[in-house]
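Shown next: work-v3.cif, containing mmCIF, C-alpha atoms.
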data_start
loop_
_atom_site.group_PDB
_atom_site.id
_atom_site.type_symbol
_atom_site.label_atom_id
_atom_site.label_comp_id
_atom_site.auth_asym_id
_atom_site.auth_seq_id
_atom_site.Cartn_x
_atom_site.Cartn_y
_atom_site.Cartn_z
ATOM 1 C CA MET A 1 -6.084 -34.365 15.718
ATOM 2 C CA GLU A 2 -5.594 -37.706 17.394
ATOM 3 C CA TYR A 3 -5.454 -39.551 14.074
ATOM 4 C CA HIS A 4 -1.837 -38.396 13.641
ATOM 5 C CA SER A 5 -0.848 -38.365 17.320
ATOM 6 C CA ASP A 6 2.035 -40.722 16.541
ATOM 7 C CA ARG A 7 3.682 -38.027 14.381
ATOM 8 C CA PHE A 8 3.637 -35.159 16.876
ATOM 9 C CA GLU A 9 4.200 -34.577 20.585
ATOM 10 C CA ASP A 10 1.008 -32.706 21.396
ATOM 11 C CA PHE A 11 1.368 -29.533 23.446
ATOM 12 C CA SER A 12 -2.014 -27.906 22.871
ATOM 13 C CA LEU A 13 -2.967 -25.297 25.447
ATOM 14 C CA LEU A 14 -6.205 -23.943 26.885
ATOM 15 C CA VAL A 15 -6.577 -20.410 28.239
ATOM 16 C CA PHE A 16 -9.012 -19.795 31.095
ATOM 17 C CA LYS A 17 -10.343 -16.682 32.793
ATOM 18 C CA ASP A 18 -12.190 -17.220 36.063
ATOM 19 C CA LYS A 19 -12.491 -20.936 35.198
ATOM 20 C CA LYS A 20 -14.097 -20.104 31.860
ATOM 21 C CA LEU A 21 -12.412 -21.248 28.648
ATOM 22 C CA VAL A 22 -11.605 -18.149 26.563
ATOM 23 C CA GLY A 23 -8.914 -19.341 24.141
ATOM 24 C CA VAL A 24 -7.254 -22.388 22.629
ATOM 25 C CA PHE A 25 -3.819 -22.852 21.113
ATOM 26 C CA PRO A 26 -3.439 -26.128 19.159
ATOM 27 C CA ALA A 27 0.282 -26.950 19.314
ATOM 28 C CA ASN A 28 3.013 -29.558 19.322
ATOM 29 C CA LYS A 29 6.410 -29.623 21.030
ATOM 30 C CA ASP A 30 9.767 -30.253 19.392
ATOM 31 C CA GLY A 31 12.669 -30.082 21.839
ATOM 32 C CA ASP A 32 12.711 -26.632 23.447
ATOM 33 C CA GLU A 33 10.401 -25.174 20.802
ATOM 34 C CA VAL A 34 6.622 -25.205 20.398
ATOM 35 C CA HIS A 35 4.783 -24.912 17.078
ATOM 36 C CA SER A 36 1.244 -24.038 16.096
ATOM 37 C CA HIS A 37 0.201 -27.621 15.504
ATOM 38 C CA GLN A 38 2.134 -28.814 12.458
ATOM 39 C CA GLY A 39 -0.574 -31.320 11.616
ATOM 40 C CA LEU A 40 -3.077 -28.516 10.951
ATOM 41 C CA SER A 41 -3.409 -26.197 7.972
ATOM 42 C CA TYR A 42 -3.553 -23.107 10.175
ATOM 43 C CA GLY A 43 -3.715 -22.196 13.846
ATOM 44 C CA GLY A 44 -2.493 -19.604 16.308
ATOM 45 C CA LEU A 45 -4.383 -18.351 19.321
ATOM 46 C CA VAL A 46 -8.081 -18.946 18.657
ATOM 47 C CA MET A 47 -10.541 -16.846 20.660
ATOM 48 C CA GLY A 48 -14.262 -16.343 20.925
ATOM 49 C CA LYS A 49 -16.059 -13.563 19.041
ATOM 50 C CA LYS A 50 -16.557 -11.468 22.179
ATOM 51 C CA GLU A 51 -12.873 -11.196 23.139
ATOM 52 C CA LYS A 52 -11.427 -7.695 22.668
ATOM 53 C CA MET A 53 -7.849 -6.519 22.053
ATOM 54 C CA SER A 54 -7.015 -6.216 25.754
ATOM 55 C CA ALA A 55 -8.099 -9.815 26.351
ATOM 56 C CA ALA A 56 -6.109 -11.030 23.357
ATOM 57 C CA ALA A 57 -3.006 -9.235 24.631
ATOM 58 C CA GLU A 58 -3.353 -10.790 28.066
ATOM 59 C CA MET A 59 -3.910 -14.280 26.621
ATOM 60 C CA TYR A 60 -0.858 -13.995 24.401
ATOM 61 C CA LYS A 61 1.275 -12.686 27.272
ATOM 62 C CA GLN A 62 0.183 -15.533 29.550
ATOM 63 C CA LEU A 63 0.869 -18.012 26.754
ATOM 64 C CA LEU A 64 4.450 -16.809 26.264
ATOM 65 C CA GLN A 65 5.058 -16.566 30.006
ATOM 66 C CA PHE A 66 3.794 -20.105 30.579
ATOM 67 C CA LEU A 67 5.948 -21.493 27.781
ATOM 68 C CA GLU A 68 9.088 -19.791 29.084
ATOM 69 C CA ALA A 69 8.422 -21.262 32.531
ATOM 70 C CA GLN A 70 8.205 -24.677 30.866
ATOM 71 C CA GLY A 71 11.666 -24.248 29.353
ATOM 72 C CA ILE A 72 10.383 -23.404 25.868
ATOM 73 C CA LYS A 73 12.629 -20.835 24.188
ATOM 74 C CA ARG A 74 10.808 -20.199 20.912
ATOM 75 C CA LEU A 75 7.228 -20.276 19.748
ATOM 76 C CA HIS A 76 6.376 -20.753 16.077
ATOM 77 C CA ILE A 77 2.951 -19.492 15.040
ATOM 78 C CA LYS A 78 1.098 -19.937 11.754
ATOM 79 C CA LEU A 79 -1.802 -17.544 11.895
ATOM 80 C CA THR A 80 -5.321 -18.386 10.862
ATOM 81 C CA PRO A 81 -5.769 -16.501 7.553
ATOM 82 C CA ALA A 82 -8.217 -13.617 7.687
ATOM 83 C CA HIS A 83 -10.743 -15.267 5.356
ATOM 84 C CA TYR A 84 -11.413 -17.949 7.988
ATOM 85 C CA HIS A 85 -12.294 -15.447 10.720
ATOM 86 C CA ALA A 86 -15.939 -15.316 11.738
ATOM 87 C CA VAL A 87 -15.391 -11.643 12.686
ATOM 88 C CA PRO A 88 -12.436 -9.292 12.015
ATOM 89 C CA SER A 89 -9.631 -10.564 14.223
ATOM 90 C CA ASP A 90 -6.110 -9.351 13.442
ATOM 91 C CA GLU A 91 -5.142 -8.793 17.055
ATOM 92 C CA MET A 92 -2.354 -11.358 16.794
ATOM 93 C CA GLU A 93 -0.755 -9.553 13.831
ATOM 94 C CA TYR A 94 -0.332 -6.498 16.035
ATOM 95 C CA LEU A 95 0.732 -8.418 19.132
ATOM 96 C CA LEU A 96 3.368 -10.334 17.190
ATOM 97 C CA PHE A 97 4.775 -6.986 16.024
ATOM 98 C CA ILE A 98 4.925 -5.730 19.627
ATOM 99 C CA SER A 99 6.668 -8.915 20.824
ATOM 100 C CA GLU A 100 9.272 -8.534 18.031
ATOM 101 C CA ALA A 101 8.332 -11.748 16.266
ATOM 102 C CA THR A 102 9.941 -12.410 12.898
ATOM 103 C CA VAL A 103 8.242 -13.637 9.736
ATOM 104 C CA THR A 104 9.683 -17.028 8.796
ATOM 105 C CA ARG A 105 7.442 -18.008 5.910
ATOM 106 C CA VAL A 106 4.629 -16.629 3.769
ATOM 107 C CA ASP A 107 2.389 -18.746 1.547
ATOM 108 C CA VAL A 108 -0.292 -17.371 -0.733
ATOM 109 C CA SER A 109 -3.676 -19.022 -0.833
ATOM 110 C CA SER A 110 -5.879 -18.498 -3.900
ATOM 111 C CA VAL A 111 -9.275 -17.325 -2.663
ATOM 112 C CA ILE A 112 -12.481 -16.338 -4.406
ATOM 113 C CA VAL A 113 -14.274 -13.586 -2.499
ATOM 114 C CA ARG A 114 -17.973 -13.735 -3.278
ATOM 115 C CA ASP A 115 -19.214 -10.588 -5.045
ATOM 116 C CA GLY A 116 -15.601 -9.544 -5.624
ATOM 117 C CA GLY A 117 -16.387 -8.608 -9.207
ATOM 118 C CA LEU A 118 -14.204 -11.268 -10.837
ATOM 119 C CA LYS A 119 -15.749 -13.878 -13.115
ATOM 120 C CA ILE A 120 -14.584 -17.185 -14.520
ATOM 121 C CA GLN A 121 -12.484 -16.695 -17.668
ATOM 122 C CA SER A 122 -13.545 -17.917 -21.084
ATOM 123 C CA ASN A 123 -10.834 -20.610 -21.261
ATOM 124 C CA ARG A 124 -12.353 -22.305 -18.223
ATOM 125 C CA LEU A 125 -15.824 -22.128 -19.746
ATOM 126 C CA GLU A 126 -14.468 -23.894 -22.828
ATOM 127 C CA GLY A 127 -13.480 -26.753 -20.517
ATOM 128 C CA VAL A 128 -17.000 -26.830 -19.091
ATOM 129 C CA LYS A 129 -18.415 -27.166 -22.612
ATOM 130 C CA LYS A 130 -16.015 -30.052 -23.332
ATOM 131 C CA ALA A 131 -17.182 -31.839 -20.202
ATOM 132 C CA GLU A 132 -20.845 -31.421 -21.107
ATOM 133 C CA LYS A 133 -20.137 -32.719 -24.608
ATOM 134 C CA HIS A 134 -18.475 -35.821 -23.146
ATOM 135 C CA GLY A 135 -21.412 -36.440 -20.803
ATOM 136 C CA LEU A 136 -19.510 -36.030 -17.533
ATOM 137 C CA THR A 137 -21.430 -36.057 -14.255
ATOM 138 C CA ILE A 138 -20.568 -35.131 -10.660
ATOM 139 C CA GLU A 139 -21.145 -37.331 -7.620
ATOM 140 C CA GLU A 140 -21.041 -35.917 -4.065
ATOM 141 C CA GLY A 141 -20.603 -37.830 -0.832
ATOM 142 C CA HIS A 142 -17.859 -39.738 0.945
ATOM 143 C CA GLY A 143 -16.577 -41.765 -2.003
ATOM 144 C CA PHE A 144 -12.930 -41.276 -1.102
ATOM 145 C CA GLU A 145 -11.647 -44.736 -2.010
ATOM 146 C CA ASN A 146 -11.886 -44.551 -5.800
ATOM 147 C CA PHE A 147 -10.463 -41.026 -5.838
ATOM 148 C CA TRP A 148 -7.543 -41.965 -3.575
ATOM 149 C CA LYS A 149 -6.690 -45.258 -5.251
ATOM 150 C CA GLU A 150 -7.354 -44.448 -8.915
ATOM 151 C CA ILE A 151 -6.549 -40.734 -9.183
ATOM 152 C CA LEU A 152 -4.867 -38.974 -6.247
ATOM 153 C CA GLU A 153 -2.256 -41.461 -5.030
ATOM 154 C CA PRO A 154 -1.058 -42.499 -8.533
ATOM 155 C CA ASN A 155 -0.745 -38.866 -9.650
ATOM 156 C CA LEU A 156 1.206 -37.752 -6.579
ATOM 157 C CA ALA A 157 3.511 -40.775 -6.822
ATOM 158 C CA GLN A 158 4.193 -40.269 -10.520
ATOM 159 C CA ARG A 159 4.598 -36.489 -10.595
ATOM 160 C CA HIS A 160 6.072 -35.675 -7.196
ATOM 161 C CA ASP A 161 7.170 -39.016 -5.682
ATOM 162 C CA ALA A 162 4.846 -38.125 -2.804
ATOM 163 C CA LYS A 163 1.778 -39.287 -0.910
ATOM 164 C CA PRO A 164 -1.342 -37.394 0.217
ATOM 165 C CA VAL A 165 -1.021 -35.713 3.611
ATOM 166 C CA HIS A 166 -3.961 -37.894 4.696
ATOM 167 C CA SER A 167 -4.005 -41.606 4.070
ATOM 168 C CA LEU A 168 -7.264 -43.106 2.815
ATOM 169 C CA GLU A 169 -8.066 -44.428 6.279
ATOM 170 C CA GLU A 170 -7.298 -41.053 7.881
ATOM 171 C CA ILE A 171 -9.565 -39.068 5.572
ATOM 172 C CA LYS A 172 -12.357 -41.602 6.035
ATOM 173 C CA ARG A 173 -11.959 -41.356 9.799
ATOM 174 C CA LEU A 174 -12.056 -37.556 9.707
ATOM 175 C CA ALA A 175 -15.125 -37.563 7.473
ATOM 176 C CA ALA A 176 -16.858 -39.960 9.853
ATOM 177 C CA HIS A 177 -16.380 -37.383 12.630
ATOM 178 C CA PHE A 178 -17.372 -34.433 10.423
ATOM 179 C CA PRO A 179 -19.684 -35.822 7.698
ATOM 180 C CA LYS A 180 -21.237 -32.450 6.856
ATOM 181 C CA ASN A 181 -17.923 -30.594 6.729
ATOM 182 C CA ILE A 182 -15.744 -32.974 4.710
ATOM 183 C CA ARG A 183 -17.141 -33.848 1.298
ATOM 184 C CA GLN A 184 -15.821 -35.676 -1.749
ATOM 185 C CA PHE A 185 -16.795 -34.666 -5.277
ATOM 186 C CA ASN A 186 -15.991 -37.119 -8.074
ATOM 187 C CA VAL A 187 -16.307 -36.494 -11.799
ATOM 188 C CA VAL A 188 -17.525 -39.591 -13.625
ATOM 189 C CA LYS A 189 -17.540 -40.578 -17.306
ATOM 190 C CA GLU A 190 -19.516 -43.683 -18.270
ATOM 191 C CA GLY A 191 -19.306 -45.029 -14.717
ATOM 192 C CA GLU A 192 -15.545 -44.447 -14.316
ATOM 193 C CA ILE A 193 -13.973 -41.757 -12.123
ATOM 194 C CA VAL A 194 -11.880 -39.276 -14.127
ATOM 195 C CA ALA A 195 -11.280 -36.479 -11.600
ATOM 196 C CA GLY A 196 -12.203 -35.329 -8.126
ATOM 197 C CA ALA A 197 -11.746 -32.904 -5.265
ATOM 198 C CA THR A 198 -11.902 -33.162 -1.466
ATOM 199 C CA LEU A 199 -13.375 -30.107 0.277
ATOM 200 C CA PHE A 200 -13.486 -28.932 3.894
ATOM 201 C CA ASP A 201 -16.410 -26.639 4.753
ATOM 202 C CA THR A 202 -15.618 -24.504 7.821
ATOM 203 C CA GLY A 203 -18.876 -22.586 7.718
ATOM 204 C CA VAL A 204 -17.151 -19.295 6.977
ATOM 205 C CA ALA A 205 -15.146 -20.631 4.033
ATOM 206 C CA VAL A 206 -14.741 -23.694 1.847
ATOM 207 C CA HIS A 207 -11.208 -25.066 1.544
ATOM 208 C CA VAL A 208 -10.083 -27.363 -1.269
ATOM 209 C CA GLN A 209 -7.826 -29.974 0.319
ATOM 210 C CA TYR A 210 -7.141 -32.152 -2.730
ATOM 211 C CA ILE A 211 -7.577 -31.679 -6.506
ATOM 212 C CA SER A 212 -6.621 -34.273 -9.107
ATOM 213 C CA GLY A 213 -7.662 -35.618 -12.489
ATOM 214 C CA ASN A 214 -6.577 -38.401 -14.823
ATOM 215 C CA ALA A 215 -4.385 -37.953 -17.904
ATOM 216 C CA ASP A 216 -7.402 -36.894 -20.005
ATOM 217 C CA LYS A 217 -8.424 -33.955 -17.819
ATOM 218 C CA GLN A 218 -7.534 -31.350 -20.459
ATOM 219 C CA GLN A 219 -9.381 -33.145 -23.254
ATOM 220 C CA LEU A 220 -12.389 -33.842 -21.052
ATOM 221 C CA GLY A 221 -12.485 -30.516 -19.221
ATOM 222 C CA SER A 222 -13.188 -32.505 -16.058
ATOM 223 C CA LEU A 223 -11.688 -30.139 -13.482
ATOM 224 C CA ASP A 224 -13.083 -27.016 -15.151
ATOM 225 C CA PHE A 225 -16.492 -28.680 -15.100
ATOM 226 C CA LEU A 226 -16.167 -29.649 -11.447
ATOM 227 C CA PHE A 227 -15.025 -26.275 -10.140
ATOM 228 C CA ASP A 228 -17.527 -24.303 -12.166
ATOM 229 C CA TYR A 229 -20.182 -26.369 -10.381
ATOM 230 C CA LEU A 230 -18.588 -26.065 -6.932
ATOM 231 C CA ILE A 231 -18.087 -22.300 -7.148
ATOM 232 C CA ASN A 232 -21.238 -21.225 -8.950
ATOM 233 C CA GLU A 233 -23.759 -23.780 -7.692
ATOM 234 C CA ARG A 234 -22.862 -26.026 -4.763
ATOM 235 C CA TYR A 235 -21.078 -23.395 -2.645
ATOM 236 C CA LYS A 236 -22.412 -20.206 -4.191
ATOM 237 C CA ASP A 237 -23.591 -18.962 -0.786
ATOM 238 C CA LYS A 238 -20.147 -19.166 0.848
ATOM 239 C CA LYS A 239 -18.348 -15.863 1.260
ATOM 240 C CA HIS A 240 -14.928 -17.386 0.566
ATOM 241 C CA PHE A 241 -13.886 -20.263 -1.675
ATOM 242 C CA ASP A 242 -10.265 -21.210 -0.937
ATOM 243 C CA PHE A 243 -8.308 -23.209 -3.518
ATOM 244 C CA GLY A 244 -5.365 -23.470 -1.105
ATOM 245 C CA ILE A 245 -1.724 -22.658 -1.710
ATOM 246 C CA SER A 246 0.426 -23.269 -4.788
ATOM 247 C CA ASN A 247 3.692 -22.793 -2.882
ATOM 248 C CA ILE A 248 6.688 -25.112 -2.714
ATOM 249 C CA ASN A 249 10.139 -24.841 -1.116
ATOM 250 C CA ASN A 250 8.761 -23.505 2.202
ATOM 251 C CA GLY A 251 6.916 -20.679 0.472
ATOM 252 C CA ARG A 252 9.911 -19.473 -1.567
ATOM 253 C CA ASN A 253 8.479 -20.560 -4.910
ATOM 254 C CA ILE A 254 5.095 -20.899 -6.598
ATOM 255 C CA ASN A 255 3.832 -23.429 -9.106
ATOM 256 C CA GLU A 256 2.950 -20.813 -11.700
ATOM 257 C CA GLY A 257 0.717 -23.016 -13.856
ATOM 258 C CA LEU A 258 -1.338 -24.186 -10.880
ATOM 259 C CA LEU A 259 -1.692 -20.644 -9.557
ATOM 260 C CA TYR A 260 -2.789 -19.353 -12.970
ATOM 261 C CA TRP A 261 -5.432 -22.079 -13.256
ATOM 262 C CA LYS A 262 -6.918 -21.025 -9.913
ATOM 263 C CA GLU A 263 -6.813 -17.353 -10.845
ATOM 264 C CA THR A 264 -8.774 -17.960 -14.045
ATOM 265 C CA PHE A 265 -11.748 -18.915 -11.843
ATOM 266 C CA GLY A 266 -11.575 -15.473 -10.194
ATOM 267 C CA ALA A 267 -9.324 -16.345 -7.246
ATOM 268 C CA ARG A 268 -6.735 -13.901 -5.920
ATOM 269 C CA SER A 269 -3.915 -14.268 -3.399
ATOM 270 C CA ILE A 270 -4.257 -13.914 0.365
ATOM 271 C CA ALA A 271 -1.133 -14.166 2.525
ATOM 272 C CA CYS A 272 -0.773 -16.990 5.048
ATOM 273 C CA LYS A 273 1.924 -15.934 7.504
ATOM 274 C CA PHE A 274 4.243 -17.870 9.789
ATOM 275 C CA TYR A 275 6.036 -16.203 12.730
ATOM 276 C CA SER A 276 8.732 -17.096 15.259
ATOM 277 C CA VAL A 277 8.993 -15.371 18.644
ATOM 278 C CA ASP A 278 11.274 -15.600 21.679
ATOM 279 C CA THR A 279 9.057 -16.559 24.629
ATOM 280 C CA ALA A 280 11.005 -14.186 26.909
ATOM 281 C CA LYS A 281 9.537 -11.298 24.912
ATOM 282 C CA TYR A 282 6.296 -11.470 26.895
ATOM 283 C CA THR A 283 7.503 -8.424 28.848
ATOM 284 C CA LYS A 284 7.083 -6.331 25.678
ATOM 285 C CA LEU A 285 3.328 -6.704 26.111
ATOM 286 C CA ASP A 286 3.258 -4.858 29.440
ATOM 287 C CA SER A 287 3.196 -1.332 28.025
ATOM 288 C CA ILE A 288 0.778 -1.482 25.111
ATOM 289 C CA PHE A 289 -2.156 0.370 26.622
ATOM 290 C CA ILE A 290 -1.755 3.942 27.864
#

Encoding of this model in structure tokens:
Amino acid sequence: MEYHSDRFEDFSLLVFKDKKLVGVFPANKDGDEVHSHQGLSYGGLVMGKKEKMSAAAEMYKQLLQFLEAQGIKRLHIKLTPAHYHAVPSDEMEYLLFISEATVTRVDVSSVIVRDGGLKIQSNRLEGVKKAEKHGLTIEEGHGFENFWKEILEPNLAQRHDAKPVHSLEEIKRLAAHFPKNIRQFNVVKEGEIVAGATLFDTGVAVHVQYISGNADKQQLGSLDFLFDYLINERYKDKKHFDFGISNINNGRNINEGLLYWKETFGARSIACKFYSVDTAKYTKLDSIFI
């Protein structure tokens, strides 16, 4: 996370039991409030596979108690969505209920669950046929520069007056640290890039960080071609394929066209929840077990 350390006041915490690390809480501080690190897609209290409910409750209680002692009044948590868990792990959902946390935001991420019974729709397959007819090919690697400069940045600037969350140098730096996990896929026509996608492979799931194509993407079928390959060939062994959210306005609205496009590949919505809790509520965790 150090690549954007200038944007956040880091307040990440480590939880130990008998000098052994048992949990981590990536976070940043803003005044008298602490957030699940706002530079990360998801977070919360992350524990090892062997930790049971009682351990999770004690970790969460100690976390809140520590923060209150540090003068922190509120903790904002964005939970790791269930499809990124290595094992079932909804302890925090329950513990947040007990500590009277409130839901402050809900996004929906479009996720393909392998063997979920949903197949790519015919309108997407028509795009694949267009791409094959036009002789498109796919290149995999770390070719971020052409995608950023020729496709992604111009599109975001023109359509949304925005920039990518990661600069070109930042994504290259991240990929240098995690070359097997961060991959770039570019769609090429006669040597020129026409579309692309940046993917993060967590092991449990594949997350699409960026998707973009040039003005001819409909006529060429470039993105249909790319994602048919990614879903049905390149990452066919992954249990979850996550297109990411289509939300805007802090989760209050959805880009309907973008969501529909993802759903036509067989994706369906999984909730990504954000909570806010008063740190003084740690006392609520004292009487869970009877």

Would you mind listing what lies within 9 Å of Ser99 in chain A as a list of chain:residue names, with all atoms listed in the file counted and same-chain residues fewer than 6 positions away left out?
A:Val277, A:Asp278, A:Thr279, A:Lys281, A:Tyr282, A:Thr283, A:Lys284, A:Leu285

- Can you give me, as a list in words, the residues this file yields under the PyMOL selection byres ((chain A and resi 4-14) around 9)? Met1, Glu2, Tyr3, Val15, Phe16, Leu21, Val22, Gly23, Val24, Phe25, Pro26, Ala27, Asn28, Lys29, Asp30, Val34, His35, Ser36, His37, Gln38, Gly39, Leu63 and Glu170 of chain A

Generate the output file for the selected residues, C-alpha atoms, as a CSV table (one decimal), in the coordinates of the input.
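The resulting file, result_3.csv, is reproduced below:
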chain,number,residue,atom,x,y,z
A,1,MET,CA,-6.1,-34.4,15.7
A,2,GLU,CA,-5.6,-37.7,17.4
A,3,TYR,CA,-5.5,-39.6,14.1
A,15,VAL,CA,-6.6,-20.4,28.2
A,16,PHE,CA,-9.0,-19.8,31.1
A,21,LEU,CA,-12.4,-21.2,28.6
A,22,VAL,CA,-11.6,-18.1,26.6
A,23,GLY,CA,-8.9,-19.3,24.1
A,24,VAL,CA,-7.3,-22.4,22.6
A,25,PHE,CA,-3.8,-22.9,21.1
A,26,PRO,CA,-3.4,-26.1,19.2
A,27,ALA,CA,0.3,-27.0,19.3
A,28,ASN,CA,3.0,-29.6,19.3
A,29,LYS,CA,6.4,-29.6,21.0
A,30,ASP,CA,9.8,-30.3,19.4
A,34,VAL,CA,6.6,-25.2,20.4
A,35,HIS,CA,4.8,-24.9,17.1
A,36,SER,CA,1.2,-24.0,16.1
A,37,HIS,CA,0.2,-27.6,15.5
A,38,GLN,CA,2.1,-28.8,12.5
A,39,GLY,CA,-0.6,-31.3,11.6
A,63,LEU,CA,0.9,-18.0,26.8
A,170,GLU,CA,-7.3,-41.1,7.9

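Residues matched by the PyMOL selection byres ((chain A and resi 97) around 12) in this file are Ala57, Asp90, Glu91, Met92, Glu93, Tyr94, Leu95, Leu96, Ile98, Ser99, Glu100, Ala101, Thr102, Val103, Tyr275, Ser276, Val277, Lys281, Tyr282, Lys284, Leu285 and Ile288 of chain A.
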
Selection from above, C-alpha atoms, as a compact mmCIF listing (two decimals), in the frame of the given file, can you write it?
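The resulting file, part_14.txt, is reproduced below:
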# COMPACT_ATOMS: atom_id res chain seq x y z
CA ALA A 57 -3.01 -9.24 24.63
CA ASP A 90 -6.11 -9.35 13.44
CA GLU A 91 -5.14 -8.79 17.06
CA MET A 92 -2.35 -11.36 16.79
CA GLU A 93 -0.76 -9.55 13.83
CA TYR A 94 -0.33 -6.50 16.04
CA LEU A 95 0.73 -8.42 19.13
CA LEU A 96 3.37 -10.33 17.19
CA ILE A 98 4.92 -5.73 19.63
CA SER A 99 6.67 -8.91 20.82
CA GLU A 100 9.27 -8.53 18.03
CA ALA A 101 8.33 -11.75 16.27
CA THR A 102 9.94 -12.41 12.90
CA VAL A 103 8.24 -13.64 9.74
CA TYR A 275 6.04 -16.20 12.73
CA SER A 276 8.73 -17.10 15.26
CA VAL A 277 8.99 -15.37 18.64
CA LYS A 281 9.54 -11.30 24.91
CA TYR A 282 6.30 -11.47 26.90
CA LYS A 284 7.08 -6.33 25.68
CA LEU A 285 3.33 -6.70 26.11
CA ILE A 288 0.78 -1.48 25.11

Residues of range 92-183 of chain A that approach range 235-249 of chain A to 10 Å or less, counting all atoms listed in the file: could you list each one with the shortest pair of atoms and its distance in Å to one decimal, rows by chain and increasing residue number, as a Markdown table?
| residue | atom | partner | partner_atom | distance |
| --- | --- | --- | --- | --- |
| A:Val106 | CA | A:Asn247 | CA | 9.1 |
| A:Asp107 | CA | A:Asn247 | CA | 6.1 |
| A:Val108 | CA | A:Ile245 | CA | 5.6 |
| A:Ser109 | CA | A:Ile245 | CA | 4.2 |
| A:Ser110 | CA | A:Phe243 | CA | 5.3 |
| A:Val111 | CA | A:Asp242 | CA | 4.4 |
| A:Ile112 | CA | A:Phe241 | CA | 5.0 |
| A:Val113 | CA | A:His240 | CA | 4.9 |
| A:Arg114 | CA | A:Lys239 | CA | 5.0 |
| A:Asp115 | CA | A:Lys239 | CA | 8.3 |
| A:Gly116 | CA | A:Lys239 | CA | 9.7 |

Excluding Gln219 in chain A and its own-chain neighbours fewer than 5 positions away, which residues fall within 10 Å of it when counting all atoms listed in the file? Please give them as a PDB file with C-alpha atoms, in the frame of the given file.
ATOM      1  CA  GLY A 127     -13.480 -26.753 -20.517  1.00  0.00           C
ATOM      2  CA  LYS A 130     -16.015 -30.052 -23.332  1.00  0.00           C
ATOM      3  CA  ALA A 131     -17.182 -31.839 -20.202  1.00  0.00           C
ATOM      4  CA  HIS A 134     -18.475 -35.821 -23.146  1.00  0.00           C
TER       5      HIS A 134
END

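Compared by their closest atoms to Phe185 in chain A, and using only C-alpha atoms, the residues A:Lys20, A:His166, A:Arg234, A:Arg268 rank with A:Arg234 nearest.
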
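Using all atoms listed in the file, the contacts of range 197-204 of chain A at a cut-off of 7 Å, with sequence neighbours closer than 6 positions omitted, comprise Tyr84, Ala86, Asn181, Ile182, Arg183, Gln184, Phe185, Asn186, Tyr210, Ile211, Ser212, Lys238 and Lys239 of chain A.
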
Just need the box for range 81-94 of chain A, edges along x, y and z, holding every atom the file lists for it with 4 Å tacked onto each side, so centre and edge lengths in Å to one decimal, as JSON.
{"center_x": -8.1, "center_y": -12.2, "center_z": 11.2, "size_x": 23.6, "size_y": 19.5, "size_z": 19.7}

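CA of Met47 in chain A is found 10.7 Å from CA of Val87 in chain A.
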
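Between Lys17 in chain A and the residues A:Ser41, A:Leu67, A:Glu58, A:Gln209, the shortest atom-to-atom distance, using only C-alpha atoms, involves A:Glu58.
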
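Nearest to Gly141 in chain A of all the residues A:Lys180, A:Arg173, A:Gly43, A:Pro81 is A:Lys180, based on all atoms listed in the file.
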
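One distance worth recording is that between CA of Pro164 in chain A and CA of Phe147 in chain A, which is 11.5 Å.
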
| said: Take the PyMOL selection byres ((chain A and resi 273) around 6), run it mentally on this structure, and tell me the resulting residues as a PyMOL selection string. | reply: chain A and resi 78-79+106+272+274

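CA of Gly213 in chain A to CA of Val165 in chain A spans 17.4 Å [interatomic distance, one decimal].
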
Of A:Ser89, A:Thr137, A:Ser54, A:Ser122, the one nearest to Leu223 in chain A when counting all atoms listed in the file is A:Thr137

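If all atoms listed in the file are the atoms counted, then among A:Pro154, A:Gly48, A:Gly117, A:Gly143 the closest residue to Val187 in chain A is A:Gly143.
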
Problem - Lys172 in chain A environment, 9 Å, all atoms listed in the file, sequence neighbours closer than 6 positions dropped, as a ChimeraX atom specification - result: /A:142,144-145

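Across A:His177, A:Lys149, A:Lys73, A:Arg159, the tightest approach to Val194 in chain A is made by A:Lys149 when counting only C-alpha atoms.
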